[in-house]
>>> print(open('coords28.cif').read())   # mmCIF, C-alpha atoms
data_coords
#
loop_
_atom_site.label_atom_id
_atom_site.label_comp_id
_atom_site.auth_asym_id
_atom_site.auth_seq_id
_atom_site.Cartn_x
_atom_site.Cartn_y
_atom_site.Cartn_z
CA MET K 1 -57.69 -5.19 -6.16
CA SER K 2 -58.88 -7.45 -8.96
CA ASP K 3 -62.19 -9.32 -9.01
CA ARG K 4 -61.26 -12.74 -7.68
CA SER K 5 -64.68 -14.37 -7.94
CA ASP K 6 -63.72 -16.48 -10.97
CA LEU K 7 -60.53 -17.86 -9.44
CA PRO K 8 -60.37 -21.48 -8.26
CA ALA K 9 -60.65 -21.81 -4.48
CA GLU K 10 -57.21 -23.39 -4.39
CA VAL K 11 -55.65 -20.26 -5.91
CA LEU K 12 -57.65 -17.99 -3.61
CA SER K 13 -56.29 -19.92 -0.62
CA TRP K 14 -52.72 -19.16 -1.70
CA ILE K 15 -53.10 -15.36 -1.74
CA GLY K 16 -51.18 -13.78 1.14
CA GLN K 17 -49.89 -17.16 2.40
CA LYS K 18 -46.22 -17.89 3.09
CA ARG K 19 -45.38 -20.92 0.92
CA TYR K 20 -42.39 -23.01 -0.09
CA GLU K 21 -40.15 -21.94 2.78
CA LEU K 22 -36.80 -23.58 2.19
CA VAL K 23 -33.10 -23.36 2.86
CA SER K 24 -30.76 -23.16 -0.12
CA GLU K 25 -29.27 -26.44 -1.35
CA PHE K 26 -25.71 -25.14 -0.98
CA ASP K 27 -23.71 -22.36 0.67
CA VAL K 28 -23.07 -19.12 -1.17
CA GLU K 29 -19.77 -19.70 -2.95
CA ARG K 30 -17.29 -17.77 -5.02
CA GLY K 31 -17.32 -19.99 -8.10
CA TYR K 32 -20.78 -18.79 -9.07
CA ILE K 33 -19.83 -15.23 -8.12
CA PHE K 34 -16.91 -15.27 -10.53
CA THR K 35 -18.94 -16.97 -13.26
CA THR K 36 -21.72 -14.40 -12.92
CA CYS K 37 -19.29 -11.48 -13.02
CA SER K 38 -17.63 -13.08 -16.03
CA SER K 39 -20.95 -13.50 -17.83
CA VAL K 40 -21.58 -9.75 -17.74
CA GLN K 41 -17.92 -8.68 -17.77
CA ASN K 42 -18.32 -7.01 -14.38
CA GLY K 43 -14.85 -5.95 -13.27
CA ASN K 44 -15.91 -4.38 -9.97
CA PRO K 45 -12.90 -5.02 -7.68
CA ILE K 46 -15.05 -5.89 -4.67
CA PHE K 47 -15.83 -9.19 -6.42
CA TRP K 48 -12.36 -9.99 -7.74
CA ASP K 49 -9.82 -8.45 -5.35
CA ASP K 50 -9.69 -9.61 -1.72
CA LYS K 51 -7.98 -6.40 -0.61
CA ALA K 52 -10.68 -4.25 -2.23
CA ALA K 53 -13.38 -6.45 -0.69
CA ALA K 54 -11.76 -6.11 2.74
CA ASP K 55 -11.39 -2.34 2.39
CA ILE K 56 -14.84 -1.60 1.00
CA THR K 57 -17.33 -4.33 1.90
CA GLY K 58 -15.67 -5.87 4.96
CA GLY K 59 -14.79 -9.04 3.05
CA ALA K 60 -16.00 -10.91 0.01
CA ILE K 61 -19.62 -10.50 -1.02
CA ALA K 62 -21.83 -11.73 -3.86
CA PRO K 63 -23.24 -9.28 -6.40
CA PRO K 64 -26.59 -8.30 -4.90
CA ALA K 65 -28.42 -9.11 -8.15
CA MET K 66 -27.47 -12.77 -7.63
CA ILE K 67 -29.93 -13.10 -4.76
CA SER K 68 -32.19 -15.63 -6.48
CA VAL K 69 -29.28 -17.68 -7.87
CA TRP K 70 -28.74 -19.42 -4.53
CA PHE K 71 -32.20 -20.99 -4.64
CA ARG K 72 -32.41 -22.32 -8.14
CA PRO K 73 -32.46 -26.10 -7.74
CA HIS K 74 -29.97 -28.44 -9.33
CA HIS K 75 -31.13 -29.65 -12.73
CA TRP K 76 -30.82 -33.17 -11.36
CA SER K 77 -30.20 -34.55 -7.89
CA PRO K 78 -30.49 -38.03 -6.37
CA GLY K 79 -34.00 -39.16 -5.61
CA ARG K 80 -35.76 -36.43 -7.55
CA SER K 81 -38.18 -37.86 -10.10
CA GLU K 82 -38.96 -34.60 -11.89
CA PRO K 83 -36.88 -31.49 -12.48
CA ALA K 84 -37.47 -29.01 -9.65
CA VAL K 85 -38.38 -25.49 -10.66
CA PRO K 86 -37.64 -22.14 -9.03
CA LEU K 87 -40.48 -19.77 -8.21
CA GLN K 88 -42.79 -22.72 -7.65
CA VAL K 89 -45.87 -20.55 -7.06
CA HIS K 90 -45.54 -19.28 -10.64
CA PHE K 91 -45.60 -22.86 -11.95
CA ASP K 92 -48.44 -23.83 -9.62
CA LEU K 93 -50.51 -21.01 -11.08
CA LYS K 94 -49.77 -22.13 -14.63
CA LYS K 95 -50.93 -25.63 -13.78
CA VAL K 96 -54.07 -24.83 -11.81
CA LEU K 97 -55.19 -22.05 -14.15
CA GLU K 98 -54.38 -24.27 -17.18
CA LEU K 99 -52.13 -21.67 -18.79
CA PRO K 100 -49.32 -23.58 -20.53
CA GLU K 101 -47.07 -20.62 -21.31
CA ALA K 102 -45.84 -17.87 -19.01
CA VAL K 103 -43.41 -14.96 -18.97
CA ILE K 104 -42.14 -12.66 -16.24
CA SER K 105 -42.92 -9.09 -17.25
CA ASP K 106 -41.84 -7.02 -14.23
CA ASN K 107 -39.22 -7.67 -11.61
CA THR K 108 -38.31 -5.51 -8.60
CA VAL K 109 -35.46 -6.53 -6.33
CA THR K 110 -34.69 -4.76 -3.06
CA PHE K 111 -31.36 -5.49 -1.38
CA GLY K 112 -30.64 -5.78 2.34
CA GLU K 113 -27.57 -7.06 4.15
CA PRO K 114 -24.79 -8.17 1.78
CA VAL K 115 -24.70 -11.88 0.94
CA ARG K 116 -21.30 -13.41 1.64
CA PRO K 117 -19.54 -16.67 0.69
CA GLY K 118 -20.44 -19.30 3.27
CA ASP K 119 -23.90 -17.89 3.94
CA ARG K 120 -26.79 -20.33 3.86
CA LEU K 121 -29.92 -18.44 2.89
CA ARG K 122 -33.59 -19.14 3.55
CA THR K 123 -36.53 -18.06 1.41
CA TRP K 124 -40.28 -18.21 1.05
CA GLN K 125 -42.84 -17.12 -1.55
CA VAL K 126 -46.10 -15.21 -1.18
CA LEU K 127 -48.73 -14.84 -3.91
CA ARG K 128 -50.06 -11.27 -3.67
CA ASN K 129 -52.56 -10.96 -6.49
CA VAL K 130 -54.04 -12.61 -9.60
CA SER K 131 -55.76 -10.54 -12.30
CA THR K 132 -58.94 -11.13 -14.19
CA PRO K 133 -58.41 -12.67 -17.66
CA LYS K 134 -56.51 -10.34 -20.01
CA LYS K 135 -55.71 -10.44 -23.70
CA THR K 136 -52.21 -9.44 -24.79
CA LYS K 137 -50.21 -9.90 -27.99
CA LEU K 138 -48.98 -13.21 -26.51
CA GLY K 139 -52.44 -14.63 -25.97
CA MET K 140 -55.24 -14.83 -23.42
CA GLY K 141 -54.18 -15.19 -19.81
CA ARG K 142 -53.76 -13.66 -16.38
CA PHE K 143 -51.17 -11.52 -14.61
CA TRP K 144 -50.02 -12.42 -11.11
CA ASP K 145 -47.75 -10.84 -8.47
CA ILE K 146 -45.43 -12.97 -6.36
CA GLU K 147 -43.06 -11.81 -3.61
CA VAL K 148 -40.01 -13.82 -2.63
CA GLU K 149 -38.29 -13.00 0.68
CA TYR K 150 -34.70 -13.92 1.53
CA VAL K 151 -32.92 -13.99 4.90
CA ASN K 152 -29.52 -15.29 5.94
CA GLN K 153 -28.62 -17.88 8.58
CA ARG K 154 -28.79 -15.20 11.28
CA GLY K 155 -32.30 -14.22 10.22
CA GLU K 156 -31.11 -10.93 8.76
CA TRP K 157 -33.10 -9.70 5.77
CA VAL K 158 -30.96 -9.84 2.63
CA GLY K 159 -33.50 -9.10 -0.06
CA THR K 160 -36.99 -9.22 -1.53
CA GLU K 161 -37.97 -9.95 -5.11
CA SER K 162 -41.35 -9.00 -6.53
CA TYR K 163 -42.35 -10.62 -9.80
CA THR K 164 -45.24 -9.93 -12.13
CA GLY K 165 -45.89 -12.96 -14.29
CA PHE K 166 -48.25 -13.43 -17.19
CA GLY K 167 -49.55 -16.95 -17.80
CA TYR K 168 -51.24 -17.43 -21.13
CA ARG K 169 -52.49 -19.69 -23.84
CA ARG K 170 -51.21 -18.96 -27.32
CA GLU K 171 -53.72 -18.00 -29.98
CA ALA K 172 -54.58 -20.96 -32.24
CA MET H 1 -4.98 1.14 -3.53
CA ALA H 2 -7.00 4.12 -4.76
CA TYR H 3 -10.54 3.33 -5.82
CA ALA H 4 -12.81 5.31 -8.12
CA ILE H 5 -15.32 7.13 -5.92
CA LEU H 6 -18.40 8.91 -7.23
CA THR H 7 -19.73 11.16 -4.49
CA ALA H 8 -23.21 12.66 -4.34
CA ASP H 9 -21.97 16.24 -4.67
CA ARG H 10 -20.76 15.38 -8.20
CA VAL H 11 -24.13 14.04 -9.38
CA LYS H 12 -27.22 15.99 -10.41
CA PRO H 13 -30.57 15.19 -12.05
CA GLY H 14 -30.27 15.01 -15.82
CA ASP H 15 -26.72 13.70 -15.81
CA ALA H 16 -26.22 10.96 -18.40
CA LEU H 17 -24.43 7.73 -17.57
CA PRO H 18 -21.82 6.61 -20.11
CA GLU H 19 -23.35 4.37 -22.76
CA LEU H 20 -22.44 0.68 -22.72
CA ALA H 21 -22.66 -1.35 -25.95
CA PHE H 22 -22.17 -5.11 -26.16
CA GLU H 23 -22.52 -7.47 -29.09
CA VAL H 24 -24.45 -10.54 -27.90
CA LYS H 25 -23.27 -13.97 -29.01
CA PRO H 26 -24.94 -17.32 -28.26
CA ILE H 27 -22.30 -18.02 -25.59
CA ASP H 28 -23.37 -14.87 -23.71
CA VAL H 29 -26.98 -16.10 -23.53
CA VAL H 30 -25.96 -19.62 -22.49
CA LEU H 31 -23.27 -18.49 -20.05
CA GLY H 32 -25.64 -15.98 -18.46
CA ALA H 33 -28.35 -18.62 -18.01
CA LEU H 34 -25.96 -21.18 -16.53
CA ALA H 35 -24.27 -18.62 -14.26
CA SER H 36 -27.70 -17.87 -12.82
CA ARG H 37 -28.58 -21.59 -12.64
CA ASP H 38 -31.44 -21.14 -15.09
CA TRP H 39 -31.73 -24.44 -16.93
CA ARG H 40 -34.87 -23.60 -18.91
CA PRO H 41 -34.49 -24.63 -22.54
CA GLN H 42 -35.42 -21.33 -24.15
CA HIS H 43 -32.04 -20.01 -23.02
CA HIS H 44 -29.96 -22.72 -24.69
CA ASP H 45 -32.15 -24.76 -27.06
CA TYR H 46 -32.83 -23.06 -30.40
CA LYS H 47 -35.49 -25.56 -31.45
CA TYR H 48 -37.42 -25.17 -28.20
CA ALA H 49 -37.20 -21.37 -28.31
CA THR H 50 -38.39 -21.10 -31.88
CA GLU H 51 -40.97 -23.89 -32.01
CA ARG H 52 -42.37 -23.88 -28.49
CA ASN H 53 -41.95 -20.25 -27.42
CA GLY H 54 -42.50 -18.88 -30.90
CA VAL H 55 -39.54 -16.51 -30.81
CA ARG H 56 -36.73 -16.30 -33.34
CA ASP H 57 -33.81 -17.57 -31.26
CA ILE H 58 -32.68 -18.40 -27.75
CA PHE H 59 -32.83 -15.28 -25.59
CA MET H 60 -31.20 -13.78 -22.52
CA ASN H 61 -32.79 -14.70 -19.19
CA THR H 62 -34.14 -12.28 -16.61
CA PRO H 63 -31.62 -12.88 -13.77
CA ASN H 64 -28.72 -12.32 -16.14
CA LEU H 65 -30.28 -9.10 -17.38
CA ALA H 66 -30.43 -7.98 -13.75
CA ALA H 67 -26.70 -8.71 -13.49
CA TRP H 68 -26.09 -6.64 -16.62
CA PHE H 69 -28.01 -3.68 -15.18
CA GLU H 70 -26.14 -4.00 -11.88
CA ARG H 71 -22.82 -3.99 -13.73
CA TYR H 72 -23.90 -0.95 -15.78
CA VAL H 73 -24.84 1.03 -12.67
CA THR H 74 -21.74 0.16 -10.68
CA ASP H 75 -19.46 0.81 -13.64
CA TRP H 76 -20.71 4.38 -13.20
CA THR H 77 -20.62 4.62 -9.39
CA GLY H 78 -17.42 2.67 -8.81
CA PRO H 79 -17.12 0.03 -6.08
CA PHE H 80 -18.59 2.19 -3.31
CA GLY H 81 -21.95 2.23 -5.10
CA ARG H 82 -24.43 -0.07 -3.32
CA MET H 83 -27.65 -1.03 -5.05
CA GLY H 84 -30.79 -0.35 -3.01
CA TRP H 85 -33.36 -1.62 -5.43
CA ILE H 86 -33.85 -2.21 -9.10
CA ARG H 87 -37.12 -2.49 -10.98
CA PHE H 88 -37.33 -3.54 -14.57
CA ARG H 89 -39.90 -4.35 -17.18
CA MET H 90 -39.13 -6.62 -20.09
CA LYS H 91 -40.82 -5.47 -23.26
CA ASP H 92 -38.96 -7.66 -25.72
CA SER H 93 -36.16 -10.22 -25.71
CA VAL H 94 -32.42 -9.92 -26.28
CA PHE H 95 -31.22 -12.31 -28.99
CA PRO H 96 -27.77 -13.39 -30.19
CA GLY H 97 -26.48 -11.38 -33.13
CA GLU H 98 -27.81 -8.14 -31.70
CA THR H 99 -25.95 -5.31 -30.03
CA MET H 100 -27.25 -4.42 -26.58
CA VAL H 101 -26.93 -0.75 -25.64
CA PHE H 102 -27.44 0.43 -22.07
CA ARG H 103 -28.25 4.09 -21.49
CA GLY H 104 -29.08 5.88 -18.27
CA THR H 105 -30.00 9.23 -16.79
CA VAL H 106 -29.97 10.50 -13.23
CA LYS H 107 -33.59 11.12 -12.25
CA ASN H 108 -33.04 12.34 -8.71
CA VAL H 109 -30.42 12.72 -5.99
CA ASP H 110 -31.44 12.78 -2.34
CA THR H 111 -30.32 11.99 1.19
CA ASP H 112 -32.48 9.89 3.47
CA GLU H 113 -33.17 10.50 7.18
CA ARG H 114 -30.19 8.33 8.12
CA GLY H 115 -27.79 10.43 6.03
CA CYS H 116 -27.46 7.93 3.19
CA ALA H 117 -27.08 9.59 -0.23
CA TRP H 118 -29.04 8.06 -3.10
CA ALA H 119 -29.12 8.45 -6.85
CA GLU H 120 -32.27 7.33 -8.64
CA LEU H 121 -31.68 6.33 -12.24
CA ASP H 122 -33.79 5.81 -15.33
CA LEU H 123 -32.19 3.11 -17.46
CA VAL H 124 -33.05 1.76 -20.89
CA LEU H 125 -31.74 -1.27 -22.71
CA THR H 126 -32.08 -1.49 -26.46
CA SER H 127 -31.09 -4.54 -28.45
CA GLY H 128 -31.00 -4.68 -32.22
CA GLY H 129 -32.37 -1.15 -32.14
CA ARG H 130 -35.51 -2.21 -30.22
CA GLU H 131 -36.27 -0.98 -26.72
CA THR H 132 -36.31 -4.27 -24.84
CA THR H 133 -36.13 -3.33 -21.15
CA VAL H 134 -36.86 -0.24 -19.12
CA CYS H 135 -35.53 0.00 -15.63
CA THR H 136 -35.44 2.22 -12.57
CA ALA H 137 -32.70 1.79 -10.00
CA ARG H 138 -31.83 3.39 -6.69
CA VAL H 139 -28.19 3.23 -5.73
CA ALA H 140 -26.49 4.51 -2.59
CA ILE H 141 -23.32 6.48 -3.20
CA PRO H 142 -20.93 8.15 -0.76
CA ALA H 143 -22.22 11.52 0.42
CA ALA H 144 -18.61 12.70 0.44
CA GLU H 145 -15.07 11.33 0.51
CA GLY H 146 -14.76 8.97 3.48
CA ASP H 147 -18.40 7.86 3.44
CA ASN H 148 -19.10 4.24 2.52
CA PRO H 149 -22.67 2.99 1.98
CA TRP H 150 -21.50 -0.62 2.41
CA LYS H 151 -20.90 0.07 6.12
CA ARG H 152 -24.57 0.80 6.70
CA ARG H 153 -26.48 -1.91 8.55
CA GLY H 154 -29.86 -2.38 10.18
CA GLU H 155 -31.75 0.88 10.62
CA ASP H 156 -29.07 2.82 8.76
CA TRP H 157 -29.85 0.94 5.53
CA LYS H 158 -33.29 1.79 4.14
CA PRO H 159 -33.46 0.71 0.52
CA ARG H 160 -37.14 -0.20 0.33
CA ALA H 161 -38.77 0.65 -2.97
CA ALA H 162 -41.44 3.31 -3.06
CA ALA H 163 -44.91 1.89 -3.59
#
>>> encode(input="coords28.cif", output="structure tokens")
Amino acid sequence: MSDRSDLPAEVLSWIGQKRYELVSEFDVERGYIFTTCSSVQNGNPIFWDDKAAADITGGAIAPPAMISVWFRPHHWSPGRSEPAVPLQVHFDLKKVLELPEAVISDNTVTFGEPVRPGDRLRTWQVLRNVSTPKKTKLGMGRFWDIEVEYVNQRGEWVGTESYTGFGYRREA
Amino acid sequence: MAYAILTADRVKPGDALPELAFEVKPIDVVLGALASRDWRPQHHDYKYATERNGVRDIFMNTPNLAAWFERYVTDWTGPFGRMGWIRFRMKDSVFPGETMVFRGTVKNVDTDERGCAWAELDLVLTSGGRETTVCTARVAIPAAEGDNPWKRRGEDWKPRAAA
């Protein structure tokens, strides 16, 4: 556990809290599945061949590693004045801690029930920890750990992502 | 149709996965970012990447790297392989003009209390000769012919990462 005494009260209040619970903006659909498989030249027949999917996975599924894709907001949508960002807690931390740059250094994804076309997923984010100030080759900043949980429309757990981010200010 | 099946009895610690090499072009970075709905400019805007982020080019995004690792693992297991978890650490970026090389080794093979067979893998991605990402993955594979990890549900599917 890091020393949290120098953290703003607002950040302290976020630790361990379930935040930004939301339902995905659109159903899981095969267009993105094909585009993702194409982008990495993944020829696994369970994503391309309906017979293989029926035989092996009980019907079409999305590549498990796509879990976060279904929650990334549209770049633009009606009525939105600013671009929405995924992993909002990460961006909240940048803003409140006044760290203009950030990278994700570690990412663990655990996969539950398969995600299938037509599913409508739900997610929420939990800030787990924020470090004391650290100096790295990128600059001075802080590490933080965020967990993102995903369930489907039946409430079945489909995955958890754990991110370690590093927000920093570049050296002058 | 006959499918490639890698069963646990054919896997042992120390086994090497076949190497995968891929020459990265700008379209691969941009396509990967858009496929994962990642609109951030460092994955498509050279000027932003170099002047704002201080790196030498646009670079591959994290979700697409996860898709690459997933593809690498399931190229080895065949379609019955089911990812349990994957953990990776980015040490450097993957830029266009470089050749990515994925390498992997079987770290452990075990069977959990529900009879699910698992292979734990150490994976490394180099790009342009630099080690850019290290990764550990746990993938369920059939214990024997006729087994199918994809049929496991609820209490029979226990992929949680070790602490």
>>> interface_residues(input="coords28.cif", of="chain K", to="chain H", cutoff="7 Å", atoms="only C-alpha atoms", output="list in words")
Tyr32, Thr35, Thr36, Ser39, Val40, Asn42, Asn44, Pro45, Ile46, Ile56, Thr57, Ala65, Val69, Arg72, His75, Ser105, Asp106, Asn107, Thr108, Val109, Thr110, Phe111 and Glu113 of chain K
>>> residues_around(input="coords28.cif", residues="stretch 150-153 of chain K", least_positions_apart="6", cutoff="9 Å", atoms="all atoms listed in the file", output="PyMOL selection string")
chain K and resi 67-68+112-113+115+119-124+159-161
>>> closest_residue(input="coords28.cif", among="K:Asp49, K:Asp27, K:Asp55, K:Glu101", to="K:Pro117", atoms="all atoms listed in the file")
K:Asp27
>>> residues_around(input="coords28.cif", residues="K:Arg19", least_positions_apart="4", cutoff="9 Å", atoms="only C-alpha atoms", output="PyMOL selection string")
chain K and resi 14+89+124-127
>>> residues_near_point(input="coords28.cif", point="(-31.7, -22.8, -31.4)", cutoff="12 Å", atoms="only C-alpha atoms", output="PyMOL selection string")
chain H and resi 26+29-30+41-59+95-96
>>> resolve_selection(input="coords28.cif", expression="the PyMOL selection byres ((chain K and resi 164) around 6)", output="PDB file with C-alpha atoms, in the frame of the given file")
ATOM      1  CA  ILE K 104     -42.140 -12.660 -16.240  1.00  0.00           C
ATOM      2  CA  SER K 105     -42.920  -9.090 -17.250  1.00  0.00           C
ATOM      3  CA  ASP K 106     -41.840  -7.020 -14.230  1.00  0.00           C
ATOM      4  CA  TRP K 144     -50.020 -12.420 -11.110  1.00  0.00           C
ATOM      5  CA  ASP K 145     -47.750 -10.840  -8.470  1.00  0.00           C
ATOM      6  CA  TYR K 163     -42.350 -10.620  -9.800  1.00  0.00           C
ATOM      7  CA  GLY K 165     -45.890 -12.960 -14.290  1.00  0.00           C
TER       8      GLY K 165
END
>>> resolve_selection(input="coords28.cif", expression="the PyMOL selection byres ((chain K and resi 168) around 6)", output="list in words")
Leu99, Glu101, Ala102, Gly139, Met140, Gly141, Gly167 and Arg169 of chain K
>>> resolve_selection(input="coords28.cif", expression="the PyMOL selection byres ((chain K and resi 48) around 10)", output="list of chain:residue names")
K:Arg30, K:Ile33, K:Phe34, K:Cys37, K:Asn42, K:Gly43, K:Asn44, K:Pro45, K:Ile46, K:Phe47, K:Asp49, K:Asp50, K:Lys51, K:Ala52, K:Ala53, K:Ala60, K:Ile61
>>> write_last_selection(input="coords28.cif", atoms="C-alpha atoms", output="PDB file, in the coordinates of the input")
ATOM      1  CA  ARG K  30     -17.290 -17.770  -5.020  1.00  0.00           C
ATOM      2  CA  ILE K  33     -19.830 -15.230  -8.120  1.00  0.00           C
ATOM      3  CA  PHE K  34     -16.910 -15.270 -10.530  1.00  0.00           C
ATOM      4  CA  CYS K  37     -19.290 -11.480 -13.020  1.00  0.00           C
ATOM      5  CA  ASN K  42     -18.320  -7.010 -14.380  1.00  0.00           C
ATOM      6  CA  GLY K  43     -14.850  -5.950 -13.270  1.00  0.00           C
ATOM      7  CA  ASN K  44     -15.910  -4.380  -9.970  1.00  0.00           C
ATOM      8  CA  PRO K  45     -12.900  -5.020  -7.680  1.00  0.00           C
ATOM      9  CA  ILE K  46     -15.050  -5.890  -4.670  1.00  0.00           C
ATOM     10  CA  PHE K  47     -15.830  -9.190  -6.420  1.00  0.00           C
ATOM     11  CA  ASP K  49      -9.820  -8.450  -5.350  1.00  0.00           C
ATOM     12  CA  ASP K  50      -9.690  -9.610  -1.720  1.00  0.00           C
ATOM     13  CA  LYS K  51      -7.980  -6.400  -0.610  1.00  0.00           C
ATOM     14  CA  ALA K  52     -10.680  -4.250  -2.230  1.00  0.00           C
ATOM     15  CA  ALA K  53     -13.380  -6.450  -0.690  1.00  0.00           C
ATOM     16  CA  ALA K  60     -16.000 -10.910   0.010  1.00  0.00           C
ATOM     17  CA  ILE K  61     -19.620 -10.500  -1.020  1.00  0.00           C
TER      18      ILE K  61
END
>>> atom_distance(input="coords28.cif", atom1="atom CA of K:Leu93", atom2="atom CA of K:Pro8")
10.3 Å
>>> atom_distance(input="coords28.cif", atom1="atom CA of H:Gly14", atom2="atom CA of H:Gly128")
25.6 Å
>>> atom_distance(input="coords28.cif", atom1="atom CA of K:Ser131", atom2="atom CA of K:Ser5")
10.6 Å
>>> residues_around(input="coords28.cif", residues="stretch 103-112 of chain H", least_positions_apart="5", cutoff="7 Å", atoms="all atoms listed in the file", output="list in words")
Lys12, Pro13, Gly14, Asp15, Ala16, Leu17, Glu19, Leu20, Ala117, Trp118, Ala119, Glu120, Leu121, Asp122, Leu123, Val124 and Leu125 of chain H
